[in-house]
$ cat input-v1.pdb   # PDB, C-alpha atoms, pLDDT in the B column
ATOM      1  CA  MET A   1       2.246  21.599  -3.477  1.00 47.00           C
ATOM      2  CA  VAL A   2       3.940  18.205  -3.385  1.00 53.00           C
ATOM      3  CA  LYS A   3       1.639  15.416  -4.533  1.00 89.00           C
ATOM      4  CA  HIS A   4       2.529  11.893  -3.567  1.00 94.00           C
ATOM      5  CA  ILE A   5       1.103   8.739  -5.115  1.00 96.00           C
ATOM      6  CA  PHE A   6      -0.271   6.235  -2.601  1.00 97.00           C
ATOM      7  CA  LEU A   7      -0.906   2.655  -3.662  1.00 98.00           C
ATOM      8  CA  VAL A   8      -3.382   0.986  -1.311  1.00 98.00           C
ATOM      9  CA  GLY A   9      -5.015  -2.411  -1.268  1.00 97.00           C
ATOM     10  CA  PHE A  10      -4.958  -5.840   0.288  1.00 95.00           C
ATOM     11  CA  MET A  11      -1.773  -7.819   0.801  1.00 91.00           C
ATOM     12  CA  GLY A  12      -0.726  -9.537  -2.406  1.00 91.00           C
ATOM     13  CA  ALA A  13      -2.419  -6.972  -4.673  1.00 95.00           C
ATOM     14  CA  GLY A  14       0.891  -6.027  -6.316  1.00 95.00           C
ATOM     15  CA  LYS A  15       1.396  -2.581  -4.816  1.00 96.00           C
ATOM     16  CA  THR A  16       5.177  -2.842  -4.544  1.00 95.00           C
ATOM     17  CA  THR A  17       5.613  -4.380  -7.995  1.00 96.00           C
ATOM     18  CA  ILE A  18       3.393  -1.725  -9.567  1.00 97.00           C
ATOM     19  CA  GLY A  19       5.205   0.926  -7.529  1.00 97.00           C
ATOM     20  CA  ALA A  20       8.501  -0.222  -9.055  1.00 98.00           C
ATOM     21  CA  ALA A  21       6.979   0.068 -12.539  1.00 97.00           C
ATOM     22  CA  LEU A  22       5.746   3.577 -11.688  1.00 96.00           C
ATOM     23  CA  GLN A  23       9.202   4.461 -10.425  1.00 97.00           C
ATOM     24  CA  ALA A  24      10.732   3.283 -13.715  1.00 96.00           C
ATOM     25  CA  LEU A  25       8.272   5.424 -15.690  1.00 94.00           C
ATOM     26  CA  THR A  26       8.468   8.572 -13.572  1.00 93.00           C
ATOM     27  CA  GLY A  27      11.838   8.585 -11.822  1.00 94.00           C
ATOM     28  CA  MET A  28      10.009   9.243  -8.532  1.00 94.00           C
ATOM     29  CA  THR A  29      11.278   7.636  -5.323  1.00 95.00           C
ATOM     30  CA  LEU A  30       9.427   4.479  -4.268  1.00 96.00           C
ATOM     31  CA  LEU A  31       8.884   3.906  -0.557  1.00 95.00           C
ATOM     32  CA  ASP A  32       7.481   0.580   0.635  1.00 95.00           C
ATOM     33  CA  THR A  33       6.097   1.368   4.084  1.00 95.00           C
ATOM     34  CA  ASP A  34       6.449  -2.187   5.425  1.00 93.00           C
ATOM     35  CA  GLN A  35      10.068  -2.279   4.269  1.00 94.00           C
ATOM     36  CA  GLN A  36      10.734   1.152   5.794  1.00 95.00           C
ATOM     37  CA  ILE A  37       9.357  -0.004   9.161  1.00 95.00           C
ATOM     38  CA  ALA A  38      11.364  -3.236   9.046  1.00 93.00           C
ATOM     39  CA  GLU A  39      14.545  -1.289   8.324  1.00 95.00           C
ATOM     40  CA  SER A  40      13.950   1.317  11.035  1.00 94.00           C
ATOM     41  CA  GLU A  41      13.100  -1.342  13.636  1.00 94.00           C
ATOM     42  CA  GLY A  42      15.882  -3.674  12.548  1.00 94.00           C
ATOM     43  CA  LYS A  43      13.554  -6.661  12.253  1.00 93.00           C
ATOM     44  CA  ALA A  44      11.035  -8.198   9.900  1.00 89.00           C
ATOM     45  CA  VAL A  45       7.418  -7.066  10.047  1.00 89.00           C
ATOM     46  CA  SER A  46       6.407 -10.588  11.105  1.00 86.00           C
ATOM     47  CA  LEU A  47       8.743 -10.334  14.133  1.00 89.00           C
ATOM     48  CA  ILE A  48       7.344  -6.915  15.055  1.00 91.00           C
ATOM     49  CA  PHE A  49       3.840  -8.437  15.027  1.00 87.00           C
ATOM     50  CA  ASP A  50       4.986 -11.445  17.062  1.00 86.00           C
ATOM     51  CA  GLU A  51       6.909  -9.451  19.657  1.00 91.00           C
ATOM     52  CA  PHE A  52       4.787  -6.318  20.026  1.00 92.00           C
ATOM     53  CA  GLY A  53       1.422  -7.023  18.376  1.00 88.00           C
ATOM     54  CA  GLU A  54      -0.553  -5.463  15.577  1.00 88.00           C
ATOM     55  CA  ALA A  55      -1.486  -2.308  17.530  1.00 92.00           C
ATOM     56  CA  HIS A  56       2.193  -1.426  17.949  1.00 95.00           C
ATOM     57  CA  PHE A  57       2.830  -2.028  14.262  1.00 94.00           C
ATOM     58  CA  ARG A  58      -0.109   0.234  13.315  1.00 94.00           C
ATOM     59  CA  HIS A  59       1.348   2.943  15.567  1.00 95.00           C
ATOM     60  CA  LEU A  60       4.711   2.641  13.786  1.00 95.00           C
ATOM     61  CA  GLU A  61       2.892   2.808  10.451  1.00 94.00           C
ATOM     62  CA  LYS A  62       1.083   6.012  11.418  1.00 95.00           C
ATOM     63  CA  GLN A  63       4.315   7.642  12.630  1.00 95.00           C
ATOM     64  CA  LEU A  64       6.118   6.681   9.438  1.00 94.00           C
ATOM     65  CA  LEU A  65       3.346   8.034   7.231  1.00 94.00           C
ATOM     66  CA  GLN A  66       3.315  11.330   9.116  1.00 93.00           C
ATOM     67  CA  GLN A  67       7.087  11.644   8.786  1.00 92.00           C
ATOM     68  CA  LEU A  68       7.391  10.605   5.138  1.00 87.00           C
ATOM     69  CA  SER A  69       4.403  12.597   3.917  1.00 84.00           C
ATOM     70  CA  LEU A  70       6.275  15.792   4.828  1.00 84.00           C
ATOM     71  CA  SER A  71       8.823  15.141   2.078  1.00 84.00           C
ATOM     72  CA  ASN A  72       9.180  17.984  -0.415  1.00 86.00           C
ATOM     73  CA  GLU A  73       9.963  15.415  -3.091  1.00 91.00           C
ATOM     74  CA  PRO A  74       6.936  13.689  -4.655  1.00 92.00           C
ATOM     75  CA  CYS A  75       7.132   9.983  -3.818  1.00 94.00           C
ATOM     76  CA  ILE A  76       5.321   6.768  -4.612  1.00 96.00           C
ATOM     77  CA  PHE A  77       4.167   4.957  -1.480  1.00 96.00           C
ATOM     78  CA  SER A  78       3.466   1.232  -1.523  1.00 97.00           C
ATOM     79  CA  THR A  79       1.446   0.963   1.678  1.00 96.00           C
ATOM     80  CA  GLY A  80       0.840  -1.969   3.956  1.00 91.00           C
ATOM     81  CA  GLY A  81      -2.533  -3.671   3.546  1.00 92.00           C
ATOM     82  CA  GLY A  82      -3.965  -2.223   6.764  1.00 92.00           C
ATOM     83  CA  MET A  83      -2.652   1.340   6.536  1.00 95.00           C
ATOM     84  CA  PHE A  84      -5.612   2.718   4.583  1.00 97.00           C
ATOM     85  CA  ALA A  85      -8.115   1.250   7.062  1.00 95.00           C
ATOM     86  CA  ASP A  86      -7.135   3.989   9.538  1.00 95.00           C
ATOM     87  CA  LEU A  87      -9.174   7.198   9.149  1.00 96.00           C
ATOM     88  CA  GLU A  88      -6.307   9.538  10.083  1.00 96.00           C
ATOM     89  CA  ASN A  89      -4.026   7.818   7.589  1.00 96.00           C
ATOM     90  CA  ARG A  90      -6.648   8.120   4.829  1.00 96.00           C
ATOM     91  CA  GLN A  91      -7.146  11.798   5.597  1.00 96.00           C
ATOM     92  CA  LEU A  92      -3.420  12.536   5.553  1.00 95.00           C
ATOM     93  CA  MET A  93      -2.915  10.668   2.295  1.00 96.00           C
ATOM     94  CA  GLY A  94      -5.780  12.633   0.775  1.00 94.00           C
ATOM     95  CA  LEU A  95      -4.216  15.919   1.843  1.00 93.00           C
ATOM     96  CA  VAL A  96      -0.759  15.272   0.434  1.00 94.00           C
ATOM     97  CA  GLY A  97      -1.393  13.003  -2.505  1.00 94.00           C
ATOM     98  CA  THR A  98      -3.585  10.879  -4.704  1.00 95.00           C
ATOM     99  CA  THR A  99      -4.680   7.422  -3.589  1.00 97.00           C
ATOM    100  CA  PHE A 100      -5.045   4.419  -5.878  1.00 98.00           C
ATOM    101  CA  TYR A 101      -6.762   1.220  -4.803  1.00 98.00           C
ATOM    102  CA  ILE A 102      -4.948  -1.650  -6.511  1.00 98.00           C
ATOM    103  CA  LYS A 103      -7.769  -4.121  -6.901  1.00 97.00           C
ATOM    104  CA  LYS A 104      -7.666  -7.891  -7.315  1.00 95.00           C
ATOM    105  CA  SER A 105     -10.299 -10.494  -6.538  1.00 95.00           C
ATOM    106  CA  PHE A 106     -10.011 -12.359  -3.267  1.00 95.00           C
ATOM    107  CA  ARG A 107      -9.360 -15.560  -5.228  1.00 94.00           C
ATOM    108  CA  GLN A 108      -6.339 -13.952  -6.919  1.00 93.00           C
ATOM    109  CA  LEU A 109      -5.100 -12.456  -3.656  1.00 92.00           C
ATOM    110  CA  TYR A 110      -5.402 -15.728  -1.795  1.00 91.00           C
ATOM    111  CA  LYS A 111      -3.279 -17.490  -4.415  1.00 89.00           C
ATOM    112  CA  GLU A 112      -0.585 -14.849  -3.805  1.00 85.00           C
ATOM    113  CA  ILE A 113      -0.564 -14.921  -0.009  1.00 88.00           C
ATOM    114  CA  ARG A 114      -1.673 -18.362   1.181  1.00 81.00           C
ATOM    115  CA  HIS A 115       1.858 -19.723   1.598  1.00 75.00           C
ATOM    116  CA  ASP A 116       3.616 -16.432   2.339  1.00 75.00           C
ATOM    117  CA  HIS A 117       4.836 -16.652   5.930  1.00 73.00           C
ATOM    118  CA  THR A 118       6.383 -13.173   5.780  1.00 75.00           C
ATOM    119  CA  ARG A 119       2.887 -11.681   6.026  1.00 76.00           C
ATOM    120  CA  PRO A 120       1.964 -11.950   9.710  1.00 71.00           C
ATOM    121  CA  LEU A 121      -1.788 -11.767   9.274  1.00 74.00           C
ATOM    122  CA  ALA A 122      -1.819 -14.249   6.383  1.00 76.00           C
ATOM    123  CA  ALA A 123       0.560 -16.709   8.040  1.00 75.00           C
ATOM    124  CA  LYS A 124      -1.767 -17.398  10.958  1.00 76.00           C
ATOM    125  CA  ALA A 125      -5.197 -16.982   9.401  1.00 82.00           C
ATOM    126  CA  THR A 126      -7.544 -19.427   7.743  1.00 88.00           C
ATOM    127  CA  LYS A 127      -8.906 -18.724   4.279  1.00 91.00           C
ATOM    128  CA  LYS A 128     -12.223 -17.681   5.843  1.00 95.00           C
ATOM    129  CA  GLU A 129     -10.498 -15.308   8.279  1.00 91.00           C
ATOM    130  CA  LEU A 130      -8.531 -13.727   5.423  1.00 91.00           C
ATOM    131  CA  TYR A 131     -11.715 -13.345   3.390  1.00 95.00           C
ATOM    132  CA  LEU A 132     -13.449 -11.596   6.288  1.00 95.00           C
ATOM    133  CA  LEU A 133     -10.447  -9.266   6.711  1.00 93.00           C
ATOM    134  CA  PHE A 134     -10.459  -8.563   2.962  1.00 95.00           C
ATOM    135  CA  LYS A 135     -14.196  -7.842   3.029  1.00 96.00           C
ATOM    136  CA  LYS A 136     -13.762  -5.483   6.006  1.00 96.00           C
ATOM    137  CA  ARG A 137     -10.856  -3.575   4.467  1.00 96.00           C
ATOM    138  CA  LYS A 138     -12.385  -3.431   0.984  1.00 96.00           C
ATOM    139  CA  ARG A 139     -14.867  -0.771   2.124  1.00 96.00           C
ATOM    140  CA  TYR A 140     -11.923   1.450   3.068  1.00 97.00           C
ATOM    141  CA  TYR A 141      -9.973   0.743  -0.112  1.00 97.00           C
ATOM    142  CA  GLN A 142     -13.013   1.809  -2.118  1.00 97.00           C
ATOM    143  CA  LYS A 143     -12.623   5.301  -0.594  1.00 97.00           C
ATOM    144  CA  ALA A 144      -9.407   5.800  -2.579  1.00 97.00           C
ATOM    145  CA  ASP A 145      -9.409   8.504  -5.236  1.00 96.00           C
ATOM    146  CA  PHE A 146      -9.198   5.897  -8.005  1.00 97.00           C
ATOM    147  CA  THR A 147      -9.652   2.144  -8.323  1.00 97.00           C
ATOM    148  CA  ILE A 148      -7.200   0.421 -10.631  1.00 97.00           C
ATOM    149  CA  HIS A 149      -7.808  -3.223 -11.553  1.00 95.00           C
ATOM    150  CA  ASN A 150      -4.550  -5.135 -11.520  1.00 94.00           C
ATOM    151  CA  PHE A 151      -4.862  -6.703 -14.980  1.00 90.00           C
ATOM    152  CA  GLY A 152      -1.931  -6.896 -17.361  1.00 89.00           C
ATOM    153  CA  SER A 153       1.720  -6.243 -16.713  1.00 95.00           C
ATOM    154  CA  PRO A 154       2.935  -3.981 -13.895  1.00 96.00           C
ATOM    155  CA  SER A 155       3.938  -1.433 -16.553  1.00 95.00           C
ATOM    156  CA  GLN A 156       0.432  -1.451 -18.051  1.00 96.00           C
ATOM    157  CA  VAL A 157      -1.102  -0.930 -14.611  1.00 97.00           C
ATOM    158  CA  ALA A 158       1.391   1.889 -13.921  1.00 96.00           C
ATOM    159  CA  HIS A 159       0.340   3.577 -17.167  1.00 96.00           C
ATOM    160  CA  LYS A 160      -3.316   3.333 -16.056  1.00 96.00           C
ATOM    161  CA  ILE A 161      -2.379   5.090 -12.814  1.00 96.00           C
ATOM    162  CA  LEU A 162      -0.518   7.851 -14.630  1.00 94.00           C
ATOM    163  CA  SER A 163      -3.496   8.418 -16.921  1.00 93.00           C
ATOM    164  CA  HIS A 164      -5.502   9.542 -13.870  1.00 93.00           C
ATOM    165  CA  LEU A 165      -3.036  12.236 -12.823  1.00 88.00           C
ATOM    166  CA  PRO A 166      -3.379  15.798 -14.074  1.00 78.00           C
ATOM    167  CA  LYS A 167      -0.734  16.795 -16.630  1.00 70.00           C
ATOM    168  CA  ASN A 168       1.082  19.025 -14.103  1.00 59.00           C
ATOM    169  CA  GLU A 169       1.356  16.295 -11.430  1.00 56.00           C
ATOM    170  CA  PRO A 170       4.688  14.613 -10.721  1.00 56.00           C
ATOM    171  CA  GLY A 171       5.381  11.781 -13.092  1.00 54.00           C
ATOM    172  CA  ARG A 172       3.390  13.362 -15.921  1.00 48.00           C
TER     173      ARG A 172
END
$ encode --input "input-v1.pdb" --output "structure tokens"
Amino acid sequence: MVKHIFLVGFMGAGKTTIGAALQALTGMTLLDTDQQIAESEGKAVSLIFDEFGEAHFRHLEKQLLQQLSLSNEPCIFSTGGGMFADLENRQLMGLVGTTFYIKKSFRQLYKEIRHDHTRPLAAKATKKELYLLFKKRKRYYQKADFTIHNFGSPSQVAHKILSHLPKNEPGR
């Protein structure tokens, strides 16, 4: 059975950076779901949100996850911040892989995203609105198989993730 690694958490948590460190340690393919959607649609995620709305983007996300999760090759998925909030997405990830909540405090996250206009939800939201979104999504992130605090270097965090995988899992 193919077991994927899914990195979930709020925007700015470091999922893609940690995913790259995991890729370097394991040789597994890294797939950033936001990047995959942008490439398949031929436009930035922020433009997809602007032109078609969040609901359309979430639909694209769900389709992509369903398609990519069928891969026979174990992969590392750096997921968009809202992907794990969807019950069907969480269930599918649980069936085909192991989920890791990459955790940072809201204060740390806000420092990362407050001036990042490539993140559609962050670009138009106040600090209070982002905090409320973080608080709402946090309850879903906490349903991940493991919570990994993003302290230390990306390589150190990647090693923490690998320590939670059984010896016969990909990357071990």
$ resolve_selection --input "input-v1.pdb" --expression "the PyMOL selection byres ((chain A and resi 106-118) around 7)" --output "MDAnalysis selection string"
chainID A and resid 12:13 46 104:105 119:120 122:123 131
$ axis_aligned_box --input "input-v1.pdb" --around "region 127-135 of chain A" --padding-each-side "8 Å" --output "AutoDock Vina command-line options"
--center_x -11.4 --center_y -13.3 --center_z 5.6 --size_x 21.7 --size_y 26.9 --size_z 21.3
$ resolve_selection --input "input-v1.pdb" --expression "the PyMOL selection byres ((chain A and resi 78-84) around 6)" --output "PyMOL selection string"
chain A and resi 7-11+15-16+32-34+77+85-86+90
$ resolve_selection --input "input-v1.pdb" --expression "the PyMOL selection byres ((chain A and resi 48) around 12)" --output "list in words"
Asp34, Ile37, Ala38, Glu39, Ser40, Glu41, Gly42, Lys43, Ala44, Val45, Ser46, Leu47, Phe49, Asp50, Glu51, Phe52, Gly53, Glu54, Ala55, His56, Phe57, Arg58, His59, Leu60, Glu61, Thr118, Arg119, Pro120 and Leu121 of chain A
$ closest_residue --input "input-v1.pdb" --among "A:Thr26, A:Asn72, A:Phe100, A:Ser163" --to "Tyr140 (chain A)" --atoms "all atoms listed in the file"
A:Phe100
$ residues_around --input "input-v1.pdb" --residues "Lys160 (chain A)" --least-positions-apart "5" --cutoff "12 Å" --atoms "all atoms listed in the file" --output "count of residues only"
18
$ closest_residue --input "input-v1.pdb" --among "A:Leu70, A:Leu64, A:Ala24, A:Val96" --to "His4 (chain A)" --atoms "all atoms listed in the file"
A:Val96
$ residues_around --input "input-v1.pdb" --residues "Ile76 (chain A)" --least-positions-apart "6" --cutoff "7 Å" --atoms "all atoms listed in the file" --output "list of chain:residue names"
A:His4, A:Ile5, A:Phe6, A:Gly19, A:Met28, A:Thr29, A:Leu30, A:Leu31
